[in-house]
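Structure first, commentary second.
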Amino acid sequence: QLARIQTDSVADKLKELYPDIHLEIDAFKISVLFLLQIGEKSLFTKELENALERNEVDLVVHSLKDLPTTLPPGFTIGAVLKRENPHDAVVLHPQNVGKTLESLPENSVIGTSSLRRAAQLKKRFPHLKFNDIRGNLNTRLKKLDEKEDFAAIILAAAGLRRMGWESRISQILGPEDCMYAVGQGALAVEVRARDVDILEMVSVLHDPDTVLRCIAERAFLRHLEGGCSVPVAVHTQVKDSQLYLTGAVYSLDGSDSLKETMQTSITSSEEVDERLQRVGVTASKVPGEAQDRAERLGVDLANLLLSKGAKEILTVARQLNDAR
């Protein structure tokens, strides 16, 4: 359902900008692919890319955080749309309404399938317990409401908002409680890299600030060699022509962590850009110099954390997670 809502929102924007265009949404493909998606995001992404490769579809809408930092050859992200709220949200069991994570009773069980969320929140709220919860948004909310297994669950605020379930958000977790995943809250349109016309068409959907923030975040994650199997978190901000990037790595229980912030100027006189891909993103309408600086910022911050021992923290986290 969320995939469909996100795809429709992009289609609507394209129809607004190009009234003469005929768009067909391959909904059958979405429903079939969701049956295949047994908690494994990469399988869903792969199937959609197969359809793109076979020319069955011309563009695919993803949550950017589901896309790897290195795309398969022949594909590119042709648009990164204006970011929704990228933070995580607390959704309480109906009997806990009015409480916060802080005020929930000792040993209350919180549901999250994210190592990143669990690592940060275990350290921040040691009185709580964290257990896995799987499934799409609808499934997770059902598990929360109809059973007594969880006092609350943690979900991305963006997904809840897009589904129209904002009323279920009890608390938005700020960066001091829980930093977000790379690309969280942003939608990406993936296209064939050789389709210049389609690239040109979707490029008007790019939101420049979101593009620069997400290039920095993706470069940080790629250089750390992080992924879904390790707790890596970020926070970015564009303010007064400066791009700020905070990045962190955590052990699985959150007891060991490294966190640093760096910034770079993103003012740029140069407007046009050759069709260069940066961490999978092609954004010819965003100044190339600003994109290069954003990418450099991500790499520099990753190098700073690596020099302080990030590799060791992530290696142990990966080994422990694989052993689970």
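Here's how to read the names in the structure tokens: chain A, B, ... by the order shown, residue numbers from 1 in each chain, ligand numbers from 1 in the order shown.
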Next on the checklist: To test your reading of the structure, identify every residue in segment 54-302 of chain A that backbone DSSP assigns to helix (DSSP H, G or I), and report it as a ChimeraX atom specification.
Outcome noted: /A:64-66,94-96,115-124,137-146,157-162,166-168,196-205,208-224,288-302
Item to check | Selected residue, from A:Arg192, A:Lys142, A:Arg4, A:His223, that lies nearest to Glu53 of chain A when counting only C-alpha atoms | outcome: A:Arg192
Item to check | Selection: 12 Å around Ile266 of chain A, only C-alpha atoms, excl. self and same-chain fewer than 6 positions, as a PyMOL selection string | outcome: chain A and resi 208-209+211-213+216+237-244+286-297
Write the residues of the selection above to a file with N, CA, C and O atoms, as a compact mmCIF listing (two decimals), in the first residue's frame.
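Below you can see selection-v2.txt, which holds the result:
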# COMPACT_ATOMS: atom_id res chain seq x y z
N PRO A 208 16.96 20.30 -4.75
CA PRO A 208 18.41 20.48 -4.61
C PRO A 208 18.95 20.21 -3.20
O PRO A 208 19.96 19.51 -3.05
N ASP A 209 18.29 20.74 -2.16
CA ASP A 209 18.79 20.51 -0.80
C ASP A 209 18.77 19.02 -0.43
O ASP A 209 19.71 18.49 0.17
N VAL A 211 18.87 16.51 -2.51
CA VAL A 211 19.91 15.85 -3.32
C VAL A 211 21.26 15.95 -2.62
O VAL A 211 21.96 14.94 -2.44
N LEU A 212 21.63 17.15 -2.20
CA LEU A 212 22.95 17.35 -1.59
C LEU A 212 23.06 16.63 -0.25
O LEU A 212 24.09 16.01 0.05
N ARG A 213 22.01 16.69 0.55
CA ARG A 213 22.02 15.99 1.84
C ARG A 213 22.19 14.49 1.63
O ARG A 213 22.98 13.84 2.31
N ALA A 216 25.65 13.36 0.39
CA ALA A 216 26.60 13.33 1.51
C ALA A 216 26.37 12.09 2.38
O ALA A 216 27.32 11.39 2.75
N GLN A 237 21.75 18.80 7.57
CA GLN A 237 21.03 20.07 7.60
C GLN A 237 21.68 21.03 6.61
O GLN A 237 22.92 21.06 6.50
N VAL A 238 20.86 21.79 5.89
CA VAL A 238 21.39 22.87 5.05
C VAL A 238 20.98 24.17 5.70
O VAL A 238 19.80 24.42 5.96
N LYS A 239 22.00 25.00 6.01
CA LYS A 239 21.72 26.26 6.71
C LYS A 239 22.74 27.29 6.27
O LYS A 239 23.95 27.03 6.32
N ASP A 240 22.27 28.46 5.83
CA ASP A 240 23.17 29.54 5.38
C ASP A 240 24.24 29.06 4.40
O ASP A 240 25.43 29.32 4.59
N SER A 241 23.80 28.35 3.37
CA SER A 241 24.71 27.83 2.33
C SER A 241 25.77 26.87 2.84
O SER A 241 26.79 26.65 2.18
N GLN A 242 25.55 26.32 4.02
CA GLN A 242 26.45 25.29 4.56
C GLN A 242 25.68 23.99 4.67
O GLN A 242 24.51 23.98 5.05
N LEU A 243 26.35 22.90 4.34
CA LEU A 243 25.77 21.56 4.52
C LEU A 243 26.44 20.92 5.73
O LEU A 243 27.67 20.80 5.77
N TYR A 244 25.64 20.57 6.73
CA TYR A 244 26.15 19.93 7.95
C TYR A 244 25.81 18.45 7.92
O TYR A 244 24.66 18.09 7.63
N VAL A 286 21.49 20.27 -10.66
CA VAL A 286 22.09 20.75 -9.41
C VAL A 286 23.57 20.99 -9.68
O VAL A 286 24.24 20.12 -10.25
N PRO A 287 24.10 22.17 -9.31
CA PRO A 287 25.50 22.47 -9.64
C PRO A 287 26.46 21.34 -9.26
O PRO A 287 26.43 20.84 -8.13
N GLY A 288 27.30 20.96 -10.22
CA GLY A 288 28.22 19.85 -10.02
C GLY A 288 29.20 20.08 -8.89
O GLY A 288 29.56 19.16 -8.14
N GLU A 289 29.63 21.33 -8.75
CA GLU A 289 30.60 21.67 -7.70
C GLU A 289 30.00 21.40 -6.31
O GLU A 289 30.66 20.86 -5.43
N ALA A 290 28.74 21.78 -6.14
CA ALA A 290 28.06 21.55 -4.85
C ALA A 290 27.91 20.05 -4.59
O ALA A 290 28.09 19.58 -3.46
N GLN A 291 27.59 19.28 -5.65
CA GLN A 291 27.46 17.83 -5.49
C GLN A 291 28.81 17.20 -5.10
O GLN A 291 28.86 16.32 -4.25
N ASP A 292 29.88 17.68 -5.76
CA ASP A 292 31.22 17.15 -5.44
C ASP A 292 31.56 17.42 -3.97
O ASP A 292 32.12 16.57 -3.29
N ARG A 293 31.23 18.61 -3.50
CA ARG A 293 31.53 18.97 -2.10
C ARG A 293 30.73 18.11 -1.13
O ARG A 293 31.22 17.72 -0.08
N ALA A 294 29.47 17.87 -1.49
CA ALA A 294 28.62 17.03 -0.63
C ALA A 294 29.19 15.62 -0.55
O ALA A 294 29.27 15.03 0.54
N GLU A 295 29.61 15.08 -1.70
CA GLU A 295 30.18 13.73 -1.72
C GLU A 295 31.47 13.68 -0.91
O GLU A 295 31.71 12.77 -0.12
N ARG A 296 32.30 14.70 -1.10
CA ARG A 296 33.58 14.80 -0.37
C ARG A 296 33.34 14.83 1.14
O ARG A 296 34.05 14.22 1.93
N LEU A 297 32.30 15.60 1.53
CA LEU A 297 31.96 15.72 2.95
C LEU A 297 31.66 14.35 3.55
O LEU A 297 32.14 14.01 4.64
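Across the structure, atom CA of Ala89 of chain A and atom CA of Val316 of chain A are spaced 27.9 Å apart.
Shortest separation to Asp197 of chain A among A:Leu59, A:Val182, A:Leu52, A:Ala151 occurs at residue A:Leu59, atoms counted being only C-alpha atoms.
Residues in contact range of Leu64 of chain A, defined as at most 6 Å between only C-alpha atoms, with sequence neighbours fewer than 6 positions away removed, read Gly183, Ala186, Leu187 and Ala188 of chain A.
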Next on the checklist: Using DSSP secondary structure from the backbone, list all strand (DSSP E or B) positions within segment 140-320 of chain A, as number ranges by chain.
Outcome noted: A: 152-156, 171-173, 180, 187-192, 232-239, 242-250, 257-265, 277-278, 281-282
Item to check | Within 9 Å of segment 299-303 of chain A using only C-alpha atoms, minus same-chain residues under 5 positions, as a PyMOL selection string | outcome: chain A and resi 216+219-224+245-247+260-262+294+308+310
Item to check | Distance query Gly78 of chain A at most 12 Å, only C-alpha atoms, self and fewer than 3 positions along chain excluded, as a ChimeraX atom specification | outcome: /A:58-62,64,75,81,187-207,211,275-286
Checklist entry - Which one is closest to Ile172 of chain A: A:Val109, A:Val90, A:Leu67, A:Val234? Count only C-alpha atoms. => result A:Val90
Checklist outcome for this item: atom CA of Ala3 of chain A to atom CA of Leu137 of chain A measures 10.7 Å
Next on the checklist: So that I can see what lies close to Glu146 of chain A, please list as a ChimeraX atom specification the residues with an atom at most 12 Å from it, counting only C-alpha atoms and leaving out residues fewer than 6 positions away in the same chain.
Outcome noted: /A:93-95,138-140
Please produce an output containing all heavy atoms for each residue in the selection, written as a compact mmCIF listing (two decimals), in the first residue's frame.
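Resulting contents of again.txt:
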# COMPACT_ATOMS: atom_id res chain seq x y z
N HIS A 93 1.07 1.48 21.96
CA HIS A 93 -0.08 0.58 22.11
C HIS A 93 -1.21 1.44 22.70
O HIS A 93 -0.95 2.29 23.56
CB HIS A 93 0.28 -0.55 23.09
CG HIS A 93 -0.76 -1.63 23.16
ND1 HIS A 93 -1.95 -1.45 23.82
CD2 HIS A 93 -0.79 -2.88 22.64
CE1 HIS A 93 -2.67 -2.56 23.70
NE2 HIS A 93 -1.98 -3.44 22.99
N PRO A 94 -2.47 1.24 22.23
CA PRO A 94 -3.57 2.09 22.71
C PRO A 94 -3.62 2.26 24.23
O PRO A 94 -4.02 3.32 24.73
CB PRO A 94 -4.82 1.36 22.18
CG PRO A 94 -4.33 0.67 20.95
CD PRO A 94 -2.91 0.27 21.21
N GLN A 95 -3.23 1.23 25.00
CA GLN A 95 -3.32 1.36 26.47
C GLN A 95 -2.22 2.27 27.06
O GLN A 95 -2.26 2.63 28.23
CB GLN A 95 -3.26 -0.02 27.13
CG GLN A 95 -1.92 -0.70 27.07
CD GLN A 95 -1.98 -2.16 27.54
OE1 GLN A 95 -3.04 -2.78 27.50
NE2 GLN A 95 -0.85 -2.68 27.98
N ASN A 138 1.24 -1.78 7.67
CA ASN A 138 -0.08 -2.27 8.10
C ASN A 138 0.07 -3.44 9.08
O ASN A 138 -0.59 -3.49 10.13
CB ASN A 138 -0.90 -2.77 6.90
CG ASN A 138 -1.00 -1.74 5.79
OD1 ASN A 138 0.02 -1.22 5.32
ND2 ASN A 138 -2.20 -1.43 5.35
N THR A 139 0.96 -4.40 8.72
CA THR A 139 1.17 -5.59 9.54
C THR A 139 1.70 -5.22 10.92
O THR A 139 1.26 -5.75 11.94
CB THR A 139 2.19 -6.54 8.85
OG1 THR A 139 1.80 -6.71 7.49
CG2 THR A 139 2.25 -7.88 9.53
N ARG A 140 2.66 -4.31 10.95
CA ARG A 140 3.27 -3.94 12.24
C ARG A 140 2.26 -3.25 13.16
O ARG A 140 2.21 -3.53 14.35
CB ARG A 140 4.48 -3.03 12.01
CG ARG A 140 5.65 -3.78 11.40
CD ARG A 140 6.87 -2.91 11.29
NE ARG A 140 7.77 -3.43 10.26
CZ ARG A 140 9.02 -3.06 10.09
NH1 ARG A 140 9.54 -2.14 10.87
NH2 ARG A 140 9.76 -3.57 9.14
Checklist outcome for this item: Separating atom CA of Ser255 of chain A from atom CA of Leu155 of chain A, to the nearest tenth of an Å, is a gap of 22.4 Å
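Of the listed residues A:Ala323, A:Ile169, A:Ala119, A:Leu141, the one whose atoms come nearest to Lys99 of chain A is A:Ile169, with distances taken using only C-alpha atoms.
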Checklist outcome for this item: With distances taken over only C-alpha atoms, the candidate from A:Gly74, A:Pro86, A:Gly111, A:Gly164 nearest Leu2 of chain A is A:Gly164
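In terms of minimum interatomic distance to Arg161 of chain A, A:Asn85 ranks closest within A:Ser103, A:Gln184, A:Asn85, A:Thr70, counting only C-alpha atoms.
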